[in-house]
Structures are given as structure tokens and as C-alpha cells.
$ cat work10.cif   # mmCIF, C-alpha atoms and all ligand atoms
data_structure
loop_
_atom_site.label_atom_id
_atom_site.label_comp_id
_atom_site.auth_asym_id
_atom_site.auth_seq_id
_atom_site.Cartn_x
_atom_site.Cartn_y
_atom_site.Cartn_z
CA MET A 1 101.68 86.88 41.91
CA VAL A 2 104.63 88.99 43.06
CA SER A 3 107.94 87.09 42.99
CA VAL A 4 109.38 86.23 46.38
CA ARG A 5 112.42 88.43 45.73
CA GLN A 6 110.09 91.38 45.09
CA ALA A 7 108.13 90.51 48.23
CA ILE A 8 111.34 90.42 50.31
CA ALA A 9 112.43 93.81 48.92
CA GLN A 10 108.96 95.28 49.58
CA HIS A 11 108.99 93.98 53.16
CA ALA A 12 112.41 95.63 53.71
CA GLU A 13 111.05 98.90 52.34
CA ARG A 14 107.80 98.65 54.36
CA PHE A 15 109.48 98.03 57.73
CA TYR A 16 112.92 99.67 57.41
CA LYS A 17 112.76 101.98 54.38
CA GLN A 18 115.59 99.87 52.98
CA GLN A 19 115.87 100.16 49.18
CA LEU A 20 116.75 96.94 47.39
CA ASN A 21 116.69 95.91 43.77
CA PRO A 22 114.91 92.52 43.80
CA ASP A 23 116.88 91.34 40.76
CA THR A 24 120.38 91.99 42.09
CA ASP A 25 120.18 92.63 45.85
CA VAL A 26 118.12 89.67 47.12
CA LEU A 27 119.01 85.97 47.17
CA VAL A 28 116.60 83.25 48.35
CA THR A 29 118.24 80.45 50.33
CA SER A 30 117.34 77.30 52.22
CA GLY A 31 116.66 79.16 55.47
CA ALA A 32 118.85 81.69 57.22
CA THR A 33 121.12 78.76 58.04
CA GLU A 34 122.17 78.29 54.45
CA ALA A 35 122.29 82.05 53.86
CA MET A 36 124.86 82.38 56.66
CA PHE A 37 126.98 79.47 55.45
CA ALA A 38 126.90 80.71 51.85
CA ALA A 39 127.72 84.24 53.08
CA ILE A 40 130.74 83.04 55.02
CA LEU A 41 131.96 80.85 52.15
CA GLY A 42 131.35 83.60 49.60
CA LEU A 43 132.75 86.53 51.55
CA THR A 44 135.77 85.13 53.40
CA ASP A 45 139.00 83.43 52.39
CA PRO A 46 141.01 80.91 54.42
CA GLY A 47 143.03 82.76 57.05
CA ASP A 48 140.59 85.68 57.38
CA GLU A 49 139.27 86.57 60.81
CA VAL A 50 135.57 87.06 61.53
CA ILE A 51 134.33 88.70 64.72
CA VAL A 52 131.45 87.03 66.57
CA PHE A 53 129.82 87.91 69.87
CA GLU A 54 129.90 85.32 72.65
CA PRO A 55 127.58 83.63 73.58
CA VAL A 56 127.35 82.79 69.90
CA TYR A 57 124.52 81.07 67.97
CA ASP A 58 125.84 77.62 67.31
CA THR A 59 126.07 77.47 63.49
CA TYR A 60 128.42 80.40 62.92
CA VAL A 61 131.65 78.97 64.25
CA PRO A 62 131.35 75.60 62.44
CA ASN A 63 130.59 77.62 59.27
CA LEU A 64 133.76 79.63 59.79
CA VAL A 65 135.83 76.52 60.46
CA MET A 66 134.50 74.87 57.28
CA ALA A 67 135.45 78.02 55.33
CA GLY A 68 138.95 78.09 56.86
CA ALA A 69 138.27 81.44 58.57
CA ALA A 70 139.09 82.08 62.23
CA PRO A 71 136.49 83.26 64.76
CA ARG A 72 137.46 86.17 66.98
CA TYR A 73 135.25 86.37 70.07
CA VAL A 74 133.93 89.49 71.76
CA PRO A 75 132.00 88.73 74.96
CA LEU A 76 128.55 90.03 75.87
CA ARG A 77 128.36 90.44 79.63
CA GLY A 78 126.17 91.63 82.47
CA ASP A 79 122.42 91.72 82.93
CA ASP A 80 121.84 93.39 79.57
CA TRP A 81 124.57 91.53 77.68
CA ARG A 82 126.56 94.57 76.60
CA PHE A 83 129.90 94.44 74.82
CA ASP A 84 132.84 96.58 75.83
CA ALA A 85 133.56 99.08 73.04
CA ASP A 86 137.34 98.93 73.64
CA GLU A 87 137.31 95.15 73.61
CA LEU A 88 135.41 95.24 70.32
CA ALA A 89 137.79 97.83 68.84
CA LYS A 90 140.77 95.64 69.79
CA ALA A 91 139.23 92.64 68.01
CA PHE A 92 139.50 94.45 64.63
CA ASN A 93 142.82 94.04 62.84
CA SER A 94 144.25 93.79 59.32
CA ARG A 95 142.99 90.19 58.96
CA THR A 96 139.39 91.02 59.92
CA LYS A 97 137.12 90.39 56.95
CA ALA A 98 133.70 90.44 58.56
CA ILE A 99 131.68 90.73 61.75
CA VAL A 100 128.54 88.69 62.43
CA ILE A 101 125.77 90.36 64.43
CA ASN A 102 122.66 88.47 65.52
CA THR A 103 119.88 90.76 66.71
CA PRO A 104 117.51 89.93 68.37
CA HIS A 105 120.03 87.51 69.78
CA ASN A 106 119.94 83.77 70.32
CA PRO A 107 120.51 82.62 73.09
CA THR A 108 120.29 85.78 75.26
CA GLY A 109 117.28 87.66 73.86
CA LYS A 110 119.40 90.81 73.64
CA VAL A 111 118.32 93.42 71.09
CA PHE A 112 121.29 95.52 69.99
CA THR A 113 120.56 99.22 70.49
CA ARG A 114 121.02 101.88 67.85
CA ASP A 115 124.04 103.20 69.80
CA GLU A 116 125.67 99.79 69.96
CA LEU A 117 125.08 99.30 66.24
CA ARG A 118 126.58 102.76 65.59
CA THR A 119 129.74 101.72 67.42
CA ILE A 120 129.91 98.55 65.32
CA ALA A 121 129.25 100.55 62.13
CA GLU A 122 132.06 103.03 62.88
CA LEU A 123 134.53 100.19 63.34
CA CYS A 124 133.38 98.46 60.14
CA LEU A 125 133.87 101.70 58.22
CA LYS A 126 137.24 102.41 59.81
CA HIS A 127 138.60 98.92 59.08
CA ASN A 128 136.80 98.29 55.78
CA VAL A 129 134.97 95.27 57.22
CA VAL A 130 131.74 93.66 55.98
CA ALA A 131 128.86 93.17 58.45
CA ILE A 132 126.73 90.05 58.19
CA THR A 133 123.55 90.31 60.25
CA ASP A 134 121.24 87.51 61.30
CA GLU A 135 117.83 89.10 61.90
CA VAL A 136 115.55 86.05 61.94
CA TYR A 137 113.84 87.34 65.12
CA GLU A 138 113.27 90.84 63.69
CA HIS A 139 109.52 90.68 64.46
CA ILE A 140 109.75 89.05 67.90
CA LEU A 141 110.31 91.99 70.23
CA TYR A 142 109.23 92.70 73.81
CA ASP A 143 108.30 95.75 75.87
CA ASP A 144 109.48 98.86 74.05
CA ALA A 145 112.38 97.26 72.19
CA SER A 146 112.67 98.13 68.53
CA HIS A 147 114.66 96.37 65.88
CA VAL A 148 117.29 98.51 64.16
CA ARG A 149 118.59 97.24 60.86
CA LEU A 150 122.34 97.83 60.72
CA ALA A 151 122.19 98.18 56.92
CA THR A 152 120.15 101.38 57.36
CA LEU A 153 122.81 103.21 59.42
CA PRO A 154 124.93 105.79 57.55
CA GLY A 155 127.55 104.20 55.33
CA MET A 156 126.42 100.65 56.08
CA ALA A 157 124.15 99.88 53.09
CA GLU A 158 127.28 99.35 50.97
CA ARG A 159 128.88 96.90 53.39
CA THR A 160 126.10 94.98 55.13
CA LEU A 161 124.61 91.66 54.17
CA THR A 162 121.29 91.22 55.98
CA ILE A 163 120.01 87.70 56.55
CA SER A 164 116.51 86.79 57.62
CA SER A 165 113.93 84.11 57.00
CA LEU A 166 110.32 83.07 57.07
CA GLY A 167 110.62 80.56 59.89
CA LYS A 168 110.18 82.60 63.08
CA THR A 169 108.01 85.44 61.74
CA PHE A 170 105.45 83.09 60.26
CA SER A 171 105.85 80.21 62.73
CA VAL A 172 107.00 77.80 60.01
CA THR A 173 110.44 76.87 61.26
CA GLY A 174 110.49 73.66 59.20
CA TRP A 175 109.99 75.41 55.87
CA LYS A 176 113.57 76.62 55.53
CA VAL A 177 112.97 79.63 53.32
CA GLY A 178 115.47 82.38 54.01
CA TRP A 179 117.21 85.19 52.24
CA ALA A 180 120.32 87.35 52.08
CA MET A 181 119.97 91.00 51.05
CA GLY A 182 122.42 93.79 50.39
CA PRO A 183 124.56 95.43 47.74
CA ALA A 184 124.74 93.49 44.47
CA ALA A 185 128.45 92.69 44.84
CA LEU A 186 127.98 91.04 48.25
CA VAL A 187 124.85 89.18 47.16
CA HIS A 188 126.66 87.99 44.03
CA ALA A 189 129.48 86.59 46.18
CA VAL A 190 126.97 84.73 48.37
CA ASN A 191 125.26 83.38 45.26
CA GLN A 192 128.59 81.93 44.09
CA ALA A 193 128.46 79.61 47.11
CA HIS A 194 124.66 79.11 47.18
CA GLN A 195 124.78 77.94 43.56
CA PHE A 196 126.80 74.92 44.65
CA ILE A 197 125.21 74.24 48.06
CA THR A 198 121.46 74.00 47.40
CA TYR A 199 121.12 75.72 44.00
CA ALA A 200 117.43 76.54 44.51
CA VAL A 201 114.61 76.62 47.05
CA ALA A 202 111.29 74.75 46.61
CA THR A 203 109.08 76.82 44.26
CA PRO A 204 105.71 76.32 46.06
CA LEU A 205 107.26 77.50 49.32
CA GLN A 206 108.63 80.59 47.58
CA ALA A 207 105.12 81.42 46.29
CA ALA A 208 103.64 80.98 49.78
CA SER A 209 106.43 83.14 51.23
CA SER A 210 105.51 85.96 48.90
CA THR A 211 101.91 85.89 50.20
CA ALA A 212 103.09 85.75 53.84
CA LEU A 213 105.44 88.72 53.45
CA HIS A 214 102.54 90.86 52.26
CA LEU A 215 100.33 90.20 55.30
CA PRO A 216 98.99 93.42 56.84
CA PHE A 217 100.58 95.15 59.87
CA ASP A 218 97.92 93.56 62.11
CA PHE A 219 99.51 90.17 61.60
CA PHE A 220 102.89 91.39 62.86
CA GLU A 221 101.30 93.18 65.82
CA ASP A 222 99.31 90.09 66.81
CA LEU A 223 102.45 87.97 66.60
CA GLN A 224 104.28 90.31 68.96
CA ALA A 225 101.38 90.47 71.38
CA SER A 226 101.11 86.69 71.55
CA TYR A 227 104.85 86.29 72.20
CA GLN A 228 104.85 89.15 74.71
CA ALA A 229 102.22 87.30 76.76
CA ARG A 230 104.18 84.05 76.62
CA ARG A 231 107.46 85.77 77.50
CA ASN A 232 105.82 87.45 80.49
CA ARG A 233 104.36 84.15 81.64
CA LEU A 234 107.65 82.23 81.35
CA VAL A 235 109.63 85.01 83.06
CA GLU A 236 107.12 84.82 85.90
CA ILE A 237 107.34 81.00 86.11
CA LEU A 238 111.15 80.96 86.09
CA SER A 239 111.45 83.84 88.57
CA ARG A 240 108.99 82.16 90.92
CA ALA A 241 111.06 78.97 90.68
CA GLY A 242 113.96 80.98 92.09
CA PHE A 243 116.21 81.40 89.04
CA LYS A 244 118.06 84.56 88.16
CA VAL A 245 116.25 85.47 84.94
CA PHE A 246 117.77 87.58 82.16
CA LYS A 247 114.65 89.25 80.84
CA PRO A 248 114.86 89.10 77.03
CA GLN A 249 114.02 92.03 74.77
CA GLY A 250 113.42 89.82 71.75
CA SER A 251 113.75 86.30 70.24
CA TYR A 252 112.27 83.00 71.41
CA PHE A 253 114.58 82.64 74.39
CA ILE A 254 115.14 83.30 78.08
CA MET A 255 118.52 82.73 79.71
CA ILE A 256 118.70 81.93 83.40
CA ASP A 257 121.44 81.39 85.96
CA TRP A 258 120.58 78.13 87.77
CA ARG A 259 122.91 78.56 90.75
CA GLY A 260 120.88 78.87 93.88
CA VAL A 261 118.14 76.53 92.68
CA ALA A 262 119.83 73.26 91.70
CA PRO A 263 120.99 70.91 94.46
CA ARG A 264 124.66 70.86 95.41
CA HIS A 265 125.58 67.77 93.38
CA VAL A 266 124.71 69.66 90.16
CA GLN A 267 128.03 71.09 89.00
CA ASP A 268 127.50 72.38 85.47
CA ASP A 269 124.87 73.21 82.86
CA MET A 270 124.80 69.69 81.37
CA GLN A 271 124.15 68.17 84.78
CA PHE A 272 121.56 70.88 85.43
CA ALA A 273 119.70 70.04 82.21
CA HIS A 274 119.64 66.32 83.10
CA TRP A 275 118.55 67.03 86.66
CA LEU A 276 115.77 69.34 85.49
CA ILE A 277 114.38 66.74 83.08
CA GLN A 278 114.65 63.82 85.49
CA GLU A 279 113.55 65.47 88.72
CA ILE A 280 111.27 68.30 87.61
CA GLY A 281 110.15 67.18 84.15
CA VAL A 282 111.06 70.36 82.27
CA ALA A 283 113.59 70.57 79.40
CA CYS A 284 116.08 73.36 78.74
CA ILE A 285 119.18 73.86 76.64
CA PRO A 286 122.51 73.98 78.49
CA ALA A 287 124.35 77.20 77.61
CA SER A 288 127.96 76.03 77.36
CA PRO A 289 127.78 75.17 73.61
CA PHE A 290 127.16 78.90 73.01
CA TYR A 291 130.38 79.73 74.84
CA GLN A 292 133.40 78.77 72.82
CA GLU A 293 136.24 80.73 74.30
CA VAL A 294 136.39 83.88 76.39
CA GLU A 295 133.68 83.16 78.98
CA ARG A 296 133.63 79.34 78.89
CA GLN A 297 133.32 79.23 82.65
CA LEU A 298 130.25 81.47 82.65
CA GLY A 299 128.32 79.28 80.20
CA LYS A 300 128.36 76.47 82.75
CA TYR A 301 126.02 78.38 85.02
CA PHE A 302 123.42 79.28 82.44
CA ALA A 303 120.58 77.52 80.65
CA ARG A 304 118.19 78.61 77.91
CA PHE A 305 114.43 78.18 77.95
CA ALA A 306 112.10 78.65 74.95
CA VAL A 307 109.09 80.98 75.00
CA CYS A 308 107.50 79.55 71.84
CA LYS A 309 105.22 77.09 73.65
CA ARG A 310 101.46 76.58 73.95
CA ASP A 311 99.72 77.96 77.04
CA GLU A 312 99.06 74.39 78.25
CA THR A 313 102.77 73.61 78.05
CA LEU A 314 103.70 76.74 80.02
CA ASN A 315 101.04 75.93 82.61
CA ALA A 316 102.38 72.37 82.91
CA ALA A 317 105.88 73.79 83.44
CA ALA A 318 104.53 76.07 86.20
CA ASP A 319 102.94 73.04 87.94
CA ARG A 320 106.15 71.03 87.71
CA PHE A 321 108.34 73.86 89.02
CA ALA A 322 106.01 73.97 92.01
CA LYS A 323 107.83 70.77 93.12
CA LEU A 324 110.73 73.03 94.05
CA GLY A 325 108.49 74.36 96.80
CA ARG A 326 109.21 78.03 96.12
CA GLY A 327 106.98 81.05 95.49
C1 LIG A 401 119.80 83.12 65.37
C2 LIG A 401 119.25 82.11 64.42
N1 LIG A 401 119.60 82.16 63.14
C3 LIG A 401 119.11 81.28 62.26
C4 LIG A 401 118.24 80.28 62.63
C5 LIG A 401 117.73 79.30 61.61
O1 LIG A 401 116.90 79.93 60.70
P1 LIG A 401 116.30 79.13 59.46
O2 LIG A 401 115.30 78.16 60.00
O3 LIG A 401 115.69 80.17 58.60
O4 LIG A 401 117.43 78.42 58.81
C6 LIG A 401 117.85 80.20 63.97
C7 LIG A 401 116.94 79.11 64.41
O5 LIG A 401 117.00 78.62 65.50
C8 LIG A 401 118.36 81.12 64.88
O6 LIG A 401 118.01 81.08 66.17
#

$ encode --input "work10.cif" --output "C-alpha cells"
Amino acid sequence: MVSVRQAIAQHAERFYKQQLNPDTDVLVTSGATEAMFAAILGLTDPGDEVIVFEPVYDTYVPNLVMAGAAPRYVPLRGDDWRFDADELAKAFNSRTKAIVINTPHNPTGKVFTRDELRTIAELCLKHNVVAITDEVYEHILYDDASHVRLATLPGMAERTLTISSLGKTFSVTGWKVGWAMGPAALVHAVNQAHQFITYAVATPLQAASSTALHLPFDFFEDLQASYQARRNRLVEILSRAGFKVFKPQGSYFIMIDWRGVAPRHVQDDMQFAHWLIQEIGVACIPASPFYQEVERQLGKYFARFAVCKRDETLNAAADRFAKLGRG
């Protein structure tokens, strides 16, 4: 049986031609969640700044606060959630220790392009900043989107910590087996925190993870095809219901703008979520918790739906949205 660290390194080589030494460059953690927390604790000091994109996946900022580091927000805007390169450049300063990039992105479904990642890489190199990437949705991609691993761009292998996990790729989100990969010095720093957070991950799950990571390419293609069908179906359902839909390029999620569909008494995303459950019978996640600072106002108009549902559940949602009397 190949050790899970070897299996993780072989998976990185198979899909991204990323070279990792399983003994020094891979750390197994209790899910990507712990990997991120240990990374932030291990790689930042109180008073450091860390750049995050807004909307931001909800664990990063509490992790930063617990570590005494300060988040610095760069907004993603527009239909394809792009960042402004000047705005990003201005966010870097002498206190910037790291930047966190989540691609494919929760909650928007954005997949950062190679050009966008190049811009980020240039700034990291210029300011001697570490990149921490959260790539848990690396295998959940739509249409012709492809996942680019920042660590494989020129100059970035030495300064990128890549985080991923078993949960989404193998549909075992409760297992909490994740990993952090990168240069030995960064991984060692993360291990200094991991050692005192969880210490180790359940051995049987590590053995099963090793088997999963070696599944043939067919498995990964089938996974994508099944999610592509569900994404298409949910986009169709939400569009027919009258929402402005931000078509995702990856991840489990679809963001919508609910203005124009909800009745006038619904004033924000929390009220929208309650109204949708009570009146229509469909649940969503209000978007404002993903908006911490720059675009707080915008988050109030958005909600996030999940694609990872059975066909029956999606069909039931379609029937319930029919109550809106559209389409
Ligand atoms: C962007 C992102 N990172 C990390 C996680 C958690 O991953 P894990 O279950 O491996 O801790 C999630 C799960 O929702 C997620 O969406």
C-alpha cells in the first residue's frame, strides 16, 4: 500500500506535473479547513497583513483573527468576478505576509484564469509574499474551464502552499482528510501548528485516501460530467425562476441576484432566504457573510445555491419554483 503522502504527491504529478517530495513537501491534515488554519498560524505573525478576495470563503477571516493577522480585502466584481489589477497591486505593502487564493471559488464558482494567476504571481514575487491556495474544488469544473495550479507558474513553487482535500473530489465531505503541499520550509512551518491542533489524522481514512487518489482518469471525468449536468439543470431552474444567475465555471455553487424576483417587503439576503424557505420551500445561503468589508452592500442582494444535489431534489426545486408563475 502506497502511503497517503506518496499518493498525494503522485496525484500532483499526474494532474499538474508538480514535483513534490512526499517526506518533506506534503502534510496530511484534518481536512482543508485545518490545513488553512495551520497554514495561517504557521506562516503569519501577529500584525501581518494577509490579502483575501471578497466575497471570501467564511473560514479564512476568523483564522486570520485568531492568528492576530489582519485581512486586507480585494473585491471580485462583475459577471465574471474579476479583480482589478491596480486594486490588487495597491493591497500589497511592507506588512503583507501572504495572499489566499481559492480557485475554483466558493461562493462564486469563479475559476481564476492563468492570466489572473500570473498577475498574482508577479506581485507575490515583487513583494516577497507567500501564496496559500485553497483548491478543494480542483476537479469540479464546467464547460471548458481548466484548473491552473498557481504553484506551477514560474517562480511560484518556492513560495506557494497548495491546500486541497478528499472531500469534494471523492464526495466524502464528512471524512475531513486534507493536505498542504509545497516547499519543505513552508510545510514545516504549517506542521509546527498542525502538531498542536490535531496532531494526526485517522489512519484508516488515510489508507482509503491513498486508494482514492489512484483512481483512473475515468473516475475524474465521470465526476465532472455528473456535476456538469447538475450545474446545467440548476442554472436552467434558477434562470427560469427569473433570477440573475452568475454561471459558475467550477465548484459546488451558483450565485444569484434575487432582486426582481422577491416581493417588495424582502429587503436583504437574510429576509430573502427566509422568504424562499417559507413561501417556496427551497433553501439557499444568504451571501452577506461572504462579504466582510468592501462590497458589504452588494452581498445583501445575492444568495448561493448548491449544485451537489440528487436529480429528485433538483426536480422538486423546479416544481416549487413554478409557484412563482414564471417561465
Ligand atoms: C473553499 C473551501 N475550502 C475548504 C472547505 C472545507 O474542506 P474540508 O472538508 O476538506 O475541510 C470547503 C467546504 O465547504 C470549501 O468550500

$ residues_near_ligand --input "work10.cif" --ligand "ligand LIG 401 (chain A)" --cutoff "10 Å" --atoms "only C-alpha atoms and all ligand atoms" --output "PyMOL selection string"
chain A and resi 29-36+56-60+101-107+109+133-137+163-169+172-179+251-253

$ closest_residue --input "work10.cif" --among "A:Val282, A:Ile254, A:Val100, A:Ala241" --to "Arg326 of chain A" --atoms "only C-alpha atoms"
A:Ala241

$ atom_distance --input "work10.cif" --atom1 "atom CA of Leu41 of chain A" --atom2 "atom CA of Ile99 of chain A"
13.8 Å

$ closest_residue --input "work10.cif" --among "A:His214, A:Arg259, A:Lys300, A:Arg240" --to "Leu324 of chain A" --atoms "only C-alpha atoms"
A:Arg240

$ residues_around --input "work10.cif" --residues "Leu150 of chain A" --least-positions-apart "4" --cutoff "8 Å" --atoms "all atoms listed in the file" --output "JSON, numbers by chain"
{"A": [117, 121, 133, 156, 160]}

$ atom_distance --input "work10.cif" --atom1 "atom CA of Leu88 of chain A" --atom2 "atom CA of His139 of chain A"
26.9 Å

$ closest_residue --input "work10.cif" --among "A:Val307, A:Leu125, A:Ala316, A:Ala12" --to "Arg149 of chain A" --atoms "all atoms listed in the file"
A:Ala12

$ atom_distance --input "work10.cif" --atom1 "atom CA of Pro154 of chain A" --atom2 "atom CA of Asn191 of chain A"
25.6 Å

$ residues_near_point --input "work10.cif" --point "(118.5, 95.7, 51.6)" --cutoff "6 Å" --atoms "only C-alpha atoms" --output "JSON, numbers by chain"
{"A": [18, 19, 20, 181, 182]}

$ write_last_selection --input "work10.cif" --atoms "C-alpha atoms" --output "short mmCIF file (atom, residue, chain, number, x, y, z; two decimals), in the frame of the given file"
data_model
loop_
_atom_site.label_atom_id
_atom_site.label_comp_id
_atom_site.auth_asym_id
_atom_site.auth_seq_id
_atom_site.Cartn_x
_atom_site.Cartn_y
_atom_site.Cartn_z
CA GLN A 18 115.59 99.87 52.98
CA GLN A 19 115.87 100.16 49.18
CA LEU A 20 116.75 96.94 47.39
CA MET A 181 119.97 91.00 51.05
CA GLY A 182 122.42 93.79 50.39
#

$ closest_residue --input "work10.cif" --among "A:Leu238, A:Val129, A:Ile285, A:Met255" --to "Asp269 of chain A" --atoms "all atoms listed in the file"
A:Ile285

$ closest_residue --input "work10.cif" --among "A:Val26, A:Ala306, A:Ala69, A:Ala91" --to "Leu43 of chain A" --atoms "all atoms listed in the file"
A:Ala69
